[in-house]
Amino acid sequence: MNFLHFTGMGGKNNAPIAVFDSGVGGISVLRALLKEMPWENYYYYGDSANAPYGTKCLEEVRELTVVHVDRFIADGVKAVVVACNTATSAAVRLLRQKYPDVPIIGIEPAVKPAALSGNHPNVIVMATPMTIREQKFHNLMERYMGTAHIIPLPCPGLMEYIEHGNVHSMELEQFLERLFEPFDKSKLDAVVLGCTHYPFVERELKKVLGKKVQLFEGGPGTARETKRRLIEKGLLREGKGRGRVWFDNSEGSEAKRKLCARLLRMQ
Ligand code: DGL
């Protein structure tokens, strides 16, 4: 997909914002972006052929992310949203060094609002094994250790359900039950959805956790940050009205594109 013609036509501001994830999870961030800035054009790319990222090693995720972002920028996007917590911790710093003039926005688990949601609340952070292993997450946890009781919970195997379009089933509910078995749910105040795939199983999670537990996702904060960065660079799209959304995926299947559209419609 070559977007360079945008630059020629309506100026750079009309070029799309690339939204990247290891698969379909980043659609939860795209949803927040569309709510915040419906007038922008978006190019969504999921690397489902190489998913999951969260159980890979750092170097591999970094390399995959950089290769994709190199291509988006060469194709003429005006900004890049790394809508994947795992890829953000592996590569966002490097990407910002490589492209100092392009707004590159990452996502991190919404630990801050969860930690501030009560009086020393008990918070579980669900994320991929890699996100939890990385220094970026340790720094984030340390910052809020005095404010909340935070327990990281690696969830290998969960993103695969969403990636296969299974966001509501007995099997998924049982998977989530097993995941939270070691915890006393009556003492739990908040759960952070620290992987962009997880907001799509919110309904099932609520069944398992009960209504009292608050859920936090990083998409809305990332969308607000993207808007700030575009304003700062004078890159906001001028003409209003709805922008366009392109779906692309390394798997290249029609089924994946359909799943993206279905997830985007989900509330
Ligand atoms: N959606 C990705 C995230 O936000 C991870 C999924 C994966 O393991 O590839 O971390």
# chains A, B, ... in the order shown; residues from 1 in each chain; ligands from 1

call {"tool": "select_by_dssp", "arguments": {"residues": "segment 103-252 of chain A", "states": "alpha helix (DSSP H)", "output": "JSON, numbers by chain"}}
result
{"A": [111, 112, 113, 114, 115, 129, 130, 131, 132, 133, 135, 136, 137, 138, 139, 140, 141, 142, 143, 158, 159, 160, 161, 162, 163, 170, 171, 172, 173, 174, 175, 176, 177, 178, 179, 180, 202, 203, 204, 205, 206, 207, 208, 209, 219, 220, 221, 222, 223, 224, 225, 226, 227, 228, 229, 230, 231, 232]}

call {"tool": "closest_atom_pairs", "arguments": {"of": "segment 139-235 of chain A", "to": "segment 54-69 of chain A", "cutoff": "10 Å", "atoms": "only C-alpha atoms", "output": "CSV"}}
result
residue,atom,partner,partner_atom,distance
A:Pro154,CA,A:Gly54,CA,9.4
A:Cys155,CA,A:Gly54,CA,9.2
A:Pro156,CA,A:Thr55,CA,7.0
A:Gly157,CA,A:Thr55,CA,9.1
A:Met159,CA,A:Gly54,CA,9.0
A:Cys195,CA,A:Gly54,CA,9.1

call {"tool": "write_last_selection", "arguments": {"atoms": "all heavy atoms", "output": "mmCIF file, in the first residue's frame"}}
result
data_model
loop_
_atom_site.group_PDB
_atom_site.id
_atom_site.type_symbol
_atom_site.label_atom_id
_atom_site.label_comp_id
_atom_site.auth_asym_id
_atom_site.auth_seq_id
_atom_site.Cartn_x
_atom_site.Cartn_y
_atom_site.Cartn_z
ATOM 1 N N PRO A 154 0.930 -12.884 33.880
ATOM 2 C CA PRO A 154 1.164 -13.225 32.467
ATOM 3 C C PRO A 154 0.051 -14.146 31.964
ATOM 4 O O PRO A 154 -0.357 -15.053 32.682
ATOM 5 C CB PRO A 154 2.512 -13.955 32.482
ATOM 6 C CG PRO A 154 2.917 -14.111 33.912
ATOM 7 C CD PRO A 154 1.892 -13.500 34.802
ATOM 8 N N CYS A 155 -0.426 -13.892 30.745
ATOM 9 C CA CYS A 155 -1.560 -14.668 30.218
ATOM 10 C C CYS A 155 -1.227 -15.340 28.892
ATOM 11 O O CYS A 155 -1.889 -15.061 27.875
ATOM 12 C CB CYS A 155 -2.776 -13.757 30.028
ATOM 13 S SG CYS A 155 -3.213 -12.792 31.472
ATOM 14 N N PRO A 156 -0.214 -16.223 28.836
ATOM 15 C CA PRO A 156 0.057 -16.892 27.554
ATOM 16 C C PRO A 156 -1.155 -17.705 27.138
ATOM 17 O O PRO A 156 -1.809 -18.317 27.988
ATOM 18 C CB PRO A 156 1.262 -17.792 27.880
ATOM 19 C CG PRO A 156 1.231 -17.995 29.359
ATOM 20 C CD PRO A 156 0.630 -16.738 29.939
ATOM 21 N N GLY A 157 -1.462 -17.668 25.849
ATOM 22 C CA GLY A 157 -2.584 -18.482 25.355
ATOM 23 C C GLY A 157 -3.884 -17.708 25.224
ATOM 24 O O GLY A 157 -4.791 -18.147 24.529
ATOM 25 N N MET A 159 -4.401 -14.467 23.979
ATOM 26 C CA MET A 159 -4.592 -13.691 22.738
ATOM 27 C C MET A 159 -5.071 -14.562 21.571
ATOM 28 O O MET A 159 -5.777 -14.111 20.686
ATOM 29 C CB MET A 159 -3.333 -12.886 22.377
ATOM 30 C CG MET A 159 -2.157 -13.627 21.819
ATOM 31 S SD MET A 159 -2.261 -14.034 20.060
ATOM 32 C CE MET A 159 -1.741 -12.529 19.301
ATOM 33 N N CYS A 195 -2.810 -5.869 27.425
ATOM 34 C CA CYS A 195 -2.554 -6.361 26.061
ATOM 35 C C CYS A 195 -3.749 -5.904 25.261
ATOM 36 O O CYS A 195 -4.895 -6.012 25.725
ATOM 37 C CB CYS A 195 -2.446 -7.882 26.060
ATOM 38 S SG CYS A 195 -2.572 -8.639 24.422
#

call {"tool": "residues_near_ligand", "arguments": {"ligand": "ligand 1", "cutoff": "10 Å", "atoms": "only C-alpha atoms and all ligand atoms", "output": "compact mmCIF listing (two decimals) with all heavy atoms, in the first residue's frame"}}
result
# COMPACT_ATOMS: atom_id res chain seq x y z
N PHE A 20 -0.46 -0.26 14.40
CA PHE A 20 0.19 -1.56 14.25
C PHE A 20 0.04 -2.45 15.49
O PHE A 20 0.19 -2.00 16.61
CB PHE A 20 1.69 -1.34 13.96
CG PHE A 20 2.51 -2.59 14.03
CD1 PHE A 20 2.37 -3.56 13.05
CD2 PHE A 20 3.40 -2.81 15.07
CE1 PHE A 20 3.11 -4.74 13.10
CE2 PHE A 20 4.16 -3.97 15.13
CZ PHE A 20 4.01 -4.94 14.15
N ASP A 21 -0.23 -3.72 15.22
CA ASP A 21 -0.27 -4.70 16.33
C ASP A 21 0.21 -6.04 15.80
O ASP A 21 0.31 -6.25 14.59
CB ASP A 21 -1.71 -4.83 16.86
CG ASP A 21 -1.81 -5.84 17.99
OD1 ASP A 21 -0.98 -5.80 18.91
OD2 ASP A 21 -2.72 -6.70 17.96
N SER A 22 0.48 -6.96 16.72
CA SER A 22 0.89 -8.31 16.33
C SER A 22 -0.26 -9.07 15.67
O SER A 22 -0.05 -10.14 15.12
CB SER A 22 1.35 -9.08 17.56
OG SER A 22 0.27 -9.19 18.47
N GLY A 23 -1.47 -8.53 15.77
CA GLY A 23 -2.62 -9.22 15.17
C GLY A 23 -3.82 -8.30 15.18
O GLY A 23 -3.72 -7.13 14.82
N VAL A 24 -4.97 -8.83 15.65
CA VAL A 24 -6.19 -8.04 15.60
C VAL A 24 -6.43 -7.20 16.86
O VAL A 24 -7.36 -6.42 16.93
CB VAL A 24 -7.43 -8.95 15.34
CG1 VAL A 24 -7.29 -9.68 14.01
CG2 VAL A 24 -7.64 -9.96 16.48
N GLY A 25 -5.58 -7.37 17.88
CA GLY A 25 -5.79 -6.69 19.16
C GLY A 25 -5.79 -5.18 19.06
O GLY A 25 -6.57 -4.49 19.73
N GLY A 26 -4.94 -4.65 18.20
CA GLY A 26 -4.82 -3.19 18.07
C GLY A 26 -6.11 -2.52 17.61
O GLY A 26 -6.24 -1.30 17.67
N ILE A 27 -7.08 -3.33 17.19
CA ILE A 27 -8.38 -2.78 16.82
C ILE A 27 -9.01 -2.08 18.03
O ILE A 27 -9.75 -1.11 17.89
CB ILE A 27 -9.32 -3.90 16.28
CG1 ILE A 27 -8.75 -4.49 14.99
CG2 ILE A 27 -10.74 -3.39 16.06
CD1 ILE A 27 -8.87 -3.64 13.75
N SER A 28 -8.69 -2.55 19.25
CA SER A 28 -9.25 -1.89 20.44
C SER A 28 -8.68 -0.47 20.57
O SER A 28 -9.33 0.43 21.10
CB SER A 28 -8.98 -2.71 21.71
OG SER A 28 -7.59 -2.80 21.98
N VAL A 29 -7.47 -0.27 20.07
CA VAL A 29 -6.86 1.07 20.09
C VAL A 29 -7.41 1.91 18.93
O VAL A 29 -7.71 3.09 19.09
CB VAL A 29 -5.31 0.98 20.02
CG1 VAL A 29 -4.67 2.35 20.08
CG2 VAL A 29 -4.78 0.09 21.13
N GLY A 46 -2.04 -5.66 11.01
CA GLY A 46 -1.84 -6.71 12.02
C GLY A 46 -0.89 -7.76 11.48
O GLY A 46 -1.03 -8.22 10.35
N ASP A 47 0.08 -8.12 12.31
CA ASP A 47 1.07 -9.11 11.87
C ASP A 47 0.67 -10.52 12.33
O ASP A 47 1.47 -11.22 12.96
CB ASP A 47 2.45 -8.72 12.42
CG ASP A 47 3.57 -9.53 11.80
OD1 ASP A 47 3.32 -10.22 10.77
OD2 ASP A 47 4.70 -9.51 12.35
N SER A 48 -0.55 -10.91 12.01
CA SER A 48 -1.07 -12.19 12.50
C SER A 48 -0.22 -13.40 12.07
O SER A 48 -0.18 -14.40 12.77
CB SER A 48 -2.51 -12.39 12.05
OG SER A 48 -3.33 -11.39 12.60
N ASN A 50 2.81 -13.69 12.17
CA ASN A 50 3.91 -13.90 13.13
C ASN A 50 3.44 -13.89 14.59
O ASN A 50 4.26 -13.91 15.50
CB ASN A 50 4.98 -12.82 12.94
CG ASN A 50 5.72 -12.98 11.64
OD1 ASN A 50 6.30 -14.03 11.39
ND2 ASN A 50 5.65 -11.98 10.79
N ALA A 51 2.15 -13.79 14.80
CA ALA A 51 1.62 -13.74 16.16
C ALA A 51 1.66 -15.14 16.79
O ALA A 51 1.64 -16.13 16.05
CB ALA A 51 0.18 -13.24 16.13
N PRO A 52 1.75 -15.25 18.10
CA PRO A 52 1.84 -14.16 19.07
C PRO A 52 3.25 -13.61 19.23
O PRO A 52 4.23 -14.32 19.01
CB PRO A 52 1.40 -14.85 20.37
CG PRO A 52 1.75 -16.29 20.21
CD PRO A 52 1.63 -16.59 18.75
N TYR A 53 3.32 -12.33 19.58
CA TYR A 53 4.61 -11.69 19.87
C TYR A 53 4.99 -11.94 21.34
O TYR A 53 6.17 -12.00 21.68
CB TYR A 53 4.50 -10.17 19.68
CG TYR A 53 4.67 -9.67 18.26
CD1 TYR A 53 4.59 -10.52 17.17
CD2 TYR A 53 4.92 -8.31 18.03
CE1 TYR A 53 4.74 -10.03 15.87
CE2 TYR A 53 5.09 -7.82 16.74
CZ TYR A 53 5.00 -8.68 15.66
OH TYR A 53 5.15 -8.19 14.39
N GLY A 54 3.99 -12.02 22.18
CA GLY A 54 4.22 -12.01 23.64
C GLY A 54 4.99 -13.17 24.20
O GLY A 54 5.50 -13.11 25.32
N THR A 55 5.09 -14.26 23.42
CA THR A 55 5.85 -15.41 23.91
C THR A 55 7.17 -15.56 23.15
O THR A 55 7.88 -16.53 23.30
CB THR A 55 5.00 -16.72 23.77
OG1 THR A 55 4.41 -16.72 22.46
CG2 THR A 55 3.89 -16.77 24.80
N LYS A 56 7.50 -14.54 22.32
CA LYS A 56 8.77 -14.56 21.58
C LYS A 56 9.85 -13.86 22.41
O LYS A 56 9.56 -13.28 23.46
CB LYS A 56 8.61 -13.80 20.26
CG LYS A 56 7.80 -14.53 19.22
CD LYS A 56 7.83 -13.76 17.91
CE LYS A 56 7.34 -14.54 16.72
NZ LYS A 56 6.12 -15.31 16.89
N VAL A 61 10.87 -9.70 18.40
CA VAL A 61 9.75 -8.75 18.36
C VAL A 61 10.26 -7.39 17.88
O VAL A 61 9.61 -6.71 17.08
CB VAL A 61 9.07 -8.64 19.75
CG1 VAL A 61 8.03 -7.54 19.76
CG2 VAL A 61 8.45 -9.97 20.14
N VAL A 82 1.97 2.36 17.79
CA VAL A 82 2.31 0.96 18.06
C VAL A 82 1.27 0.47 19.07
O VAL A 82 1.40 0.67 20.27
CB VAL A 82 3.76 0.82 18.59
CG1 VAL A 82 4.10 -0.65 18.81
CG2 VAL A 82 4.75 1.45 17.62
N ALA A 83 0.19 -0.12 18.53
CA ALA A 83 -0.98 -0.47 19.35
C ALA A 83 -0.82 -1.85 19.96
O ALA A 83 -1.74 -2.68 19.94
CB ALA A 83 -2.24 -0.38 18.49
N CYS A 84 0.36 -2.10 20.47
CA CYS A 84 0.70 -3.41 21.04
C CYS A 84 1.66 -3.14 22.20
O CYS A 84 2.73 -2.55 22.00
CB CYS A 84 1.39 -4.25 19.95
SG CYS A 84 2.01 -5.83 20.51
N ASN A 85 1.27 -3.56 23.39
CA ASN A 85 2.11 -3.33 24.58
C ASN A 85 3.45 -4.04 24.44
O ASN A 85 4.49 -3.52 24.84
CB ASN A 85 1.40 -3.86 25.82
CG ASN A 85 0.13 -3.09 26.14
OD1 ASN A 85 0.15 -2.16 26.92
ND2 ASN A 85 -0.98 -3.46 25.52
N THR A 86 3.41 -5.24 23.86
CA THR A 86 4.61 -6.06 23.72
C THR A 86 5.60 -5.39 22.76
O THR A 86 6.78 -5.21 23.10
CB THR A 86 4.22 -7.46 23.20
OG1 THR A 86 3.14 -7.95 24.00
CG2 THR A 86 5.37 -8.41 23.26
N ALA A 87 5.12 -5.00 21.58
CA ALA A 87 5.99 -4.35 20.60
C ALA A 87 6.47 -2.99 21.11
O ALA A 87 7.60 -2.58 20.81
CB ALA A 87 5.24 -4.19 19.28
N THR A 88 5.64 -2.30 21.87
CA THR A 88 6.06 -1.01 22.43
C THR A 88 7.25 -1.21 23.35
O THR A 88 8.26 -0.51 23.24
CB THR A 88 4.90 -0.34 23.21
OG1 THR A 88 3.85 -0.05 22.30
CG2 THR A 88 5.35 0.96 23.87
N SER A 89 7.16 -2.18 24.27
CA SER A 89 8.28 -2.33 25.20
C SER A 89 9.53 -2.79 24.47
O SER A 89 10.65 -2.47 24.87
CB SER A 89 7.93 -3.22 26.38
OG SER A 89 7.42 -4.43 25.96
N ILE A 107 1.99 2.17 23.49
CA ILE A 107 0.95 1.93 24.50
C ILE A 107 1.57 1.20 25.69
O ILE A 107 2.49 0.40 25.50
CB ILE A 107 -0.23 1.11 23.91
CG1 ILE A 107 -1.38 1.01 24.91
CG2 ILE A 107 0.19 -0.27 23.43
CD1 ILE A 107 -2.71 0.54 24.29
N GLU A 108 1.09 1.51 26.89
CA GLU A 108 1.55 0.75 28.04
C GLU A 108 0.35 0.41 28.91
O GLU A 108 -0.69 1.07 28.83
CB GLU A 108 2.62 1.53 28.83
CG GLU A 108 2.13 2.81 29.45
CD GLU A 108 3.20 3.50 30.30
OE1 GLU A 108 4.39 3.23 30.15
OE2 GLU A 108 2.78 4.33 31.13
N PRO A 109 0.47 -0.67 29.71
CA PRO A 109 -0.66 -1.05 30.54
C PRO A 109 -1.15 0.12 31.41
O PRO A 109 -0.34 0.88 31.96
CB PRO A 109 -0.09 -2.18 31.42
CG PRO A 109 1.03 -2.76 30.60
CD PRO A 109 1.62 -1.59 29.85
N MET A 126 -3.01 -7.90 33.74
CA MET A 126 -2.94 -8.99 32.76
C MET A 126 -2.11 -8.50 31.57
O MET A 126 -2.37 -7.41 31.05
CB MET A 126 -4.34 -9.34 32.25
CG MET A 126 -5.30 -9.84 33.30
SD MET A 126 -6.98 -9.94 32.61
CE MET A 126 -6.82 -11.35 31.51
N ALA A 127 -1.14 -9.27 31.14
CA ALA A 127 -0.34 -8.87 29.97
C ALA A 127 0.37 -10.10 29.43
O ALA A 127 0.27 -11.19 30.00
CB ALA A 127 0.67 -7.80 30.37
N THR A 128 1.10 -9.91 28.33
CA THR A 128 1.84 -11.05 27.76
C THR A 128 3.09 -11.29 28.62
O THR A 128 3.57 -10.39 29.31
CB THR A 128 2.27 -10.77 26.31
OG1 THR A 128 3.27 -9.75 26.31
CG2 THR A 128 1.11 -10.35 25.45
N PRO A 129 3.64 -12.51 28.55
CA PRO A 129 4.86 -12.79 29.34
C PRO A 129 5.98 -11.79 29.04
O PRO A 129 6.69 -11.35 29.94
CB PRO A 129 5.25 -14.20 28.89
CG PRO A 129 3.97 -14.83 28.44
CD PRO A 129 3.15 -13.71 27.86
N MET A 130 6.11 -11.39 27.75
CA MET A 130 7.19 -10.45 27.42
C MET A 130 6.99 -9.08 28.02
O MET A 130 7.93 -8.49 28.56
CB MET A 130 7.36 -10.35 25.91
CG MET A 130 8.79 -10.01 25.55
SD MET A 130 8.92 -9.43 23.89
CE MET A 130 9.13 -7.72 24.24
N THR A 131 5.78 -8.55 27.95
CA THR A 131 5.51 -7.23 28.52
C THR A 131 5.89 -7.24 30.00
O THR A 131 6.55 -6.31 30.50
CB THR A 131 4.01 -6.87 28.37
OG1 THR A 131 3.70 -6.82 26.98
CG2 THR A 131 3.68 -5.53 28.99
N ILE A 132 5.51 -8.28 30.70
CA ILE A 132 5.76 -8.35 32.15
C ILE A 132 7.24 -8.54 32.47
O ILE A 132 7.73 -8.04 33.47
CB ILE A 132 4.86 -9.46 32.77
CG1 ILE A 132 3.42 -8.93 32.81
CG2 ILE A 132 5.33 -9.87 34.16
CD1 ILE A 132 2.37 -9.88 33.24
N CYS A 155 -0.43 -13.89 30.75
CA CYS A 155 -1.56 -14.67 30.22
C CYS A 155 -1.23 -15.34 28.89
O CYS A 155 -1.89 -15.06 27.88
CB CYS A 155 -2.78 -13.76 30.03
SG CYS A 155 -3.21 -12.79 31.47
N PRO A 156 -0.21 -16.22 28.84
CA PRO A 156 0.06 -16.89 27.55
C PRO A 156 -1.16 -17.71 27.14
O PRO A 156 -1.81 -18.32 27.99
CB PRO A 156 1.26 -17.79 27.88
CG PRO A 156 1.23 -18.00 29.36
CD PRO A 156 0.63 -16.74 29.94
N GLY A 157 -1.46 -17.67 25.85
CA GLY A 157 -2.58 -18.48 25.35
C GLY A 157 -3.88 -17.71 25.22
O GLY A 157 -4.79 -18.15 24.53
N LEU A 158 -3.98 -16.54 25.87
CA LEU A 158 -5.25 -15.81 25.82
C LEU A 158 -5.46 -15.08 24.49
O LEU A 158 -6.56 -15.11 23.93
CB LEU A 158 -5.34 -14.83 27.00
CG LEU A 158 -6.60 -13.96 27.06
CD1 LEU A 158 -7.87 -14.80 26.98
CD2 LEU A 158 -6.61 -13.12 28.34
N MET A 159 -4.40 -14.47 23.98
CA MET A 159 -4.59 -13.69 22.74
C MET A 159 -5.07 -14.56 21.57
O MET A 159 -5.78 -14.11 20.69
CB MET A 159 -3.33 -12.89 22.38
CG MET A 159 -2.16 -13.63 21.82
SD MET A 159 -2.26 -14.03 20.06
CE MET A 159 -1.74 -12.53 19.30
N GLU A 160 -4.71 -15.85 21.62
CA GLU A 160 -5.08 -16.76 20.53
C GLU A 160 -6.60 -16.87 20.38
O GLU A 160 -7.12 -17.01 19.28
CB GLU A 160 -4.47 -18.16 20.76
CG GLU A 160 -2.97 -18.24 20.47
CD GLU A 160 -2.08 -17.80 21.61
OE1 GLU A 160 -2.57 -17.11 22.54
OE2 GLU A 160 -0.88 -18.14 21.59
N ILE A 162 -8.82 -14.52 20.86
CA ILE A 162 -9.32 -13.32 20.16
C ILE A 162 -8.87 -13.37 18.71
O ILE A 162 -9.63 -13.05 17.79
CB ILE A 162 -8.81 -12.04 20.88
CG1 ILE A 162 -9.31 -12.03 22.32
CG2 ILE A 162 -9.27 -10.78 20.15
CD1 ILE A 162 -8.32 -12.26 23.39
N GLU A 163 -7.63 -13.80 18.52
CA GLU A 163 -7.05 -13.88 17.17
C GLU A 163 -7.88 -14.82 16.29
O GLU A 163 -7.95 -14.64 15.08
CB GLU A 163 -5.61 -14.39 17.32
CG GLU A 163 -4.61 -14.04 16.28
CD GLU A 163 -4.52 -12.57 15.91
OE1 GLU A 163 -4.58 -11.64 16.75
OE2 GLU A 163 -4.37 -12.35 14.70
N LEU A 193 -6.07 -4.38 31.62
CA LEU A 193 -5.98 -5.19 30.40
C LEU A 193 -4.73 -4.73 29.65
O LEU A 193 -4.80 -3.84 28.79
CB LEU A 193 -7.26 -5.02 29.57
CG LEU A 193 -8.57 -5.21 30.35
CD1 LEU A 193 -9.78 -4.96 29.48
CD2 LEU A 193 -8.63 -6.61 30.96
N GLY A 194 -3.59 -5.31 30.02
CA GLY A 194 -2.30 -4.83 29.53
C GLY A 194 -1.87 -5.43 28.21
O GLY A 194 -0.66 -5.50 27.92
N CYS A 195 -2.81 -5.87 27.43
CA CYS A 195 -2.55 -6.36 26.06
C CYS A 195 -3.75 -5.90 25.26
O CYS A 195 -4.90 -6.01 25.72
CB CYS A 195 -2.45 -7.88 26.06
SG CYS A 195 -2.57 -8.64 24.42
N THR A 196 -3.51 -5.39 24.07
CA THR A 196 -4.61 -4.77 23.32
C THR A 196 -5.65 -5.78 22.83
O THR A 196 -6.74 -5.38 22.40
CB THR A 196 -4.05 -3.95 22.14
OG1 THR A 196 -3.20 -4.80 21.36
CG2 THR A 196 -3.26 -2.76 22.63
N HIS A 197 -5.35 -7.06 22.90
CA HIS A 197 -6.35 -8.07 22.53
C HIS A 197 -7.42 -8.22 23.62
O HIS A 197 -8.56 -8.57 23.32
CB HIS A 197 -5.68 -9.45 22.34
CG HIS A 197 -4.98 -9.62 21.04
ND1 HIS A 197 -3.79 -9.00 20.74
CD2 HIS A 197 -5.30 -10.37 19.94
CE1 HIS A 197 -3.40 -9.37 19.53
NE2 HIS A 197 -4.30 -10.19 19.02
N TYR A 198 -7.04 -7.99 24.87
CA TYR A 198 -7.91 -8.37 25.99
C TYR A 198 -9.22 -7.58 26.11
O TYR A 198 -10.21 -8.15 26.60
CB TYR A 198 -7.15 -8.32 27.32
CG TYR A 198 -5.89 -9.18 27.38
CD1 TYR A 198 -4.94 -9.02 28.40
CD2 TYR A 198 -5.64 -10.16 26.43
CE1 TYR A 198 -3.78 -9.79 28.46
CE2 TYR A 198 -4.48 -10.94 26.48
CZ TYR A 198 -3.55 -10.74 27.49
OH TYR A 198 -2.42 -11.50 27.53
N GLY A 218 -5.65 0.54 27.90
CA GLY A 218 -4.76 1.64 27.54
C GLY A 218 -5.15 2.42 26.28
O GLY A 218 -4.57 3.47 26.00
N GLY A 219 -6.13 1.91 25.54
CA GLY A 219 -6.49 2.52 24.25
C GLY A 219 -6.87 4.00 24.33
O GLY A 219 -6.30 4.83 23.60

call {"tool": "atom_distance", "arguments": {"atom1": "atom CA of Met141 of chain A", "atom2": "atom CA of Ala90 of chain A"}}
result
17.1 Å

call {"tool": "closest_residue", "arguments": {"among": "A:Lys207, A:Ala190, A:Pro152, A:His168", "to": "Glu134 of chain A", "atoms": "only C-alpha atoms"}}
result
A:Pro152

call {"tool": "select_by_dssp", "arguments": {"residues": "segment 140-192 of chain A", "states": "strand (DSSP E or B)", "output": "NGL selection string"}}
result
:A and (149-154 or 190-192)

call {"tool": "atom_distance", "arguments": {"atom1": "atom CA of Arg242 of chain A", "atom2": "atom CA of Asn41 of chain A"}}
result
8.2 Å

call {"tool": "closest_residue", "arguments": {"among": "A:Leu176, A:Ser250, A:Met37, A:Ile73", "to": "Leu4 of chain A", "atoms": "only C-alpha atoms"}}
result
A:Ile73

call {"tool": "closest_residue", "arguments": {"among": "A:Met266, A:Glu225, A:Pro121, A:Phe180", "to": "Lys206 of chain A", "atoms": "only C-alpha atoms"}}
result
A:Phe180

call {"tool": "residues_around", "arguments": {"residues": "Leu33 of chain A", "least_positions_apart": "5", "cutoff": "9 Å", "atoms": "only C-alpha atoms", "output": "list in words"}}
result
Ser28, Pro38, Glu40, Gly219, Pro220, Thr222, Ala223, Arg224, Thr226 and Lys227 of chain A
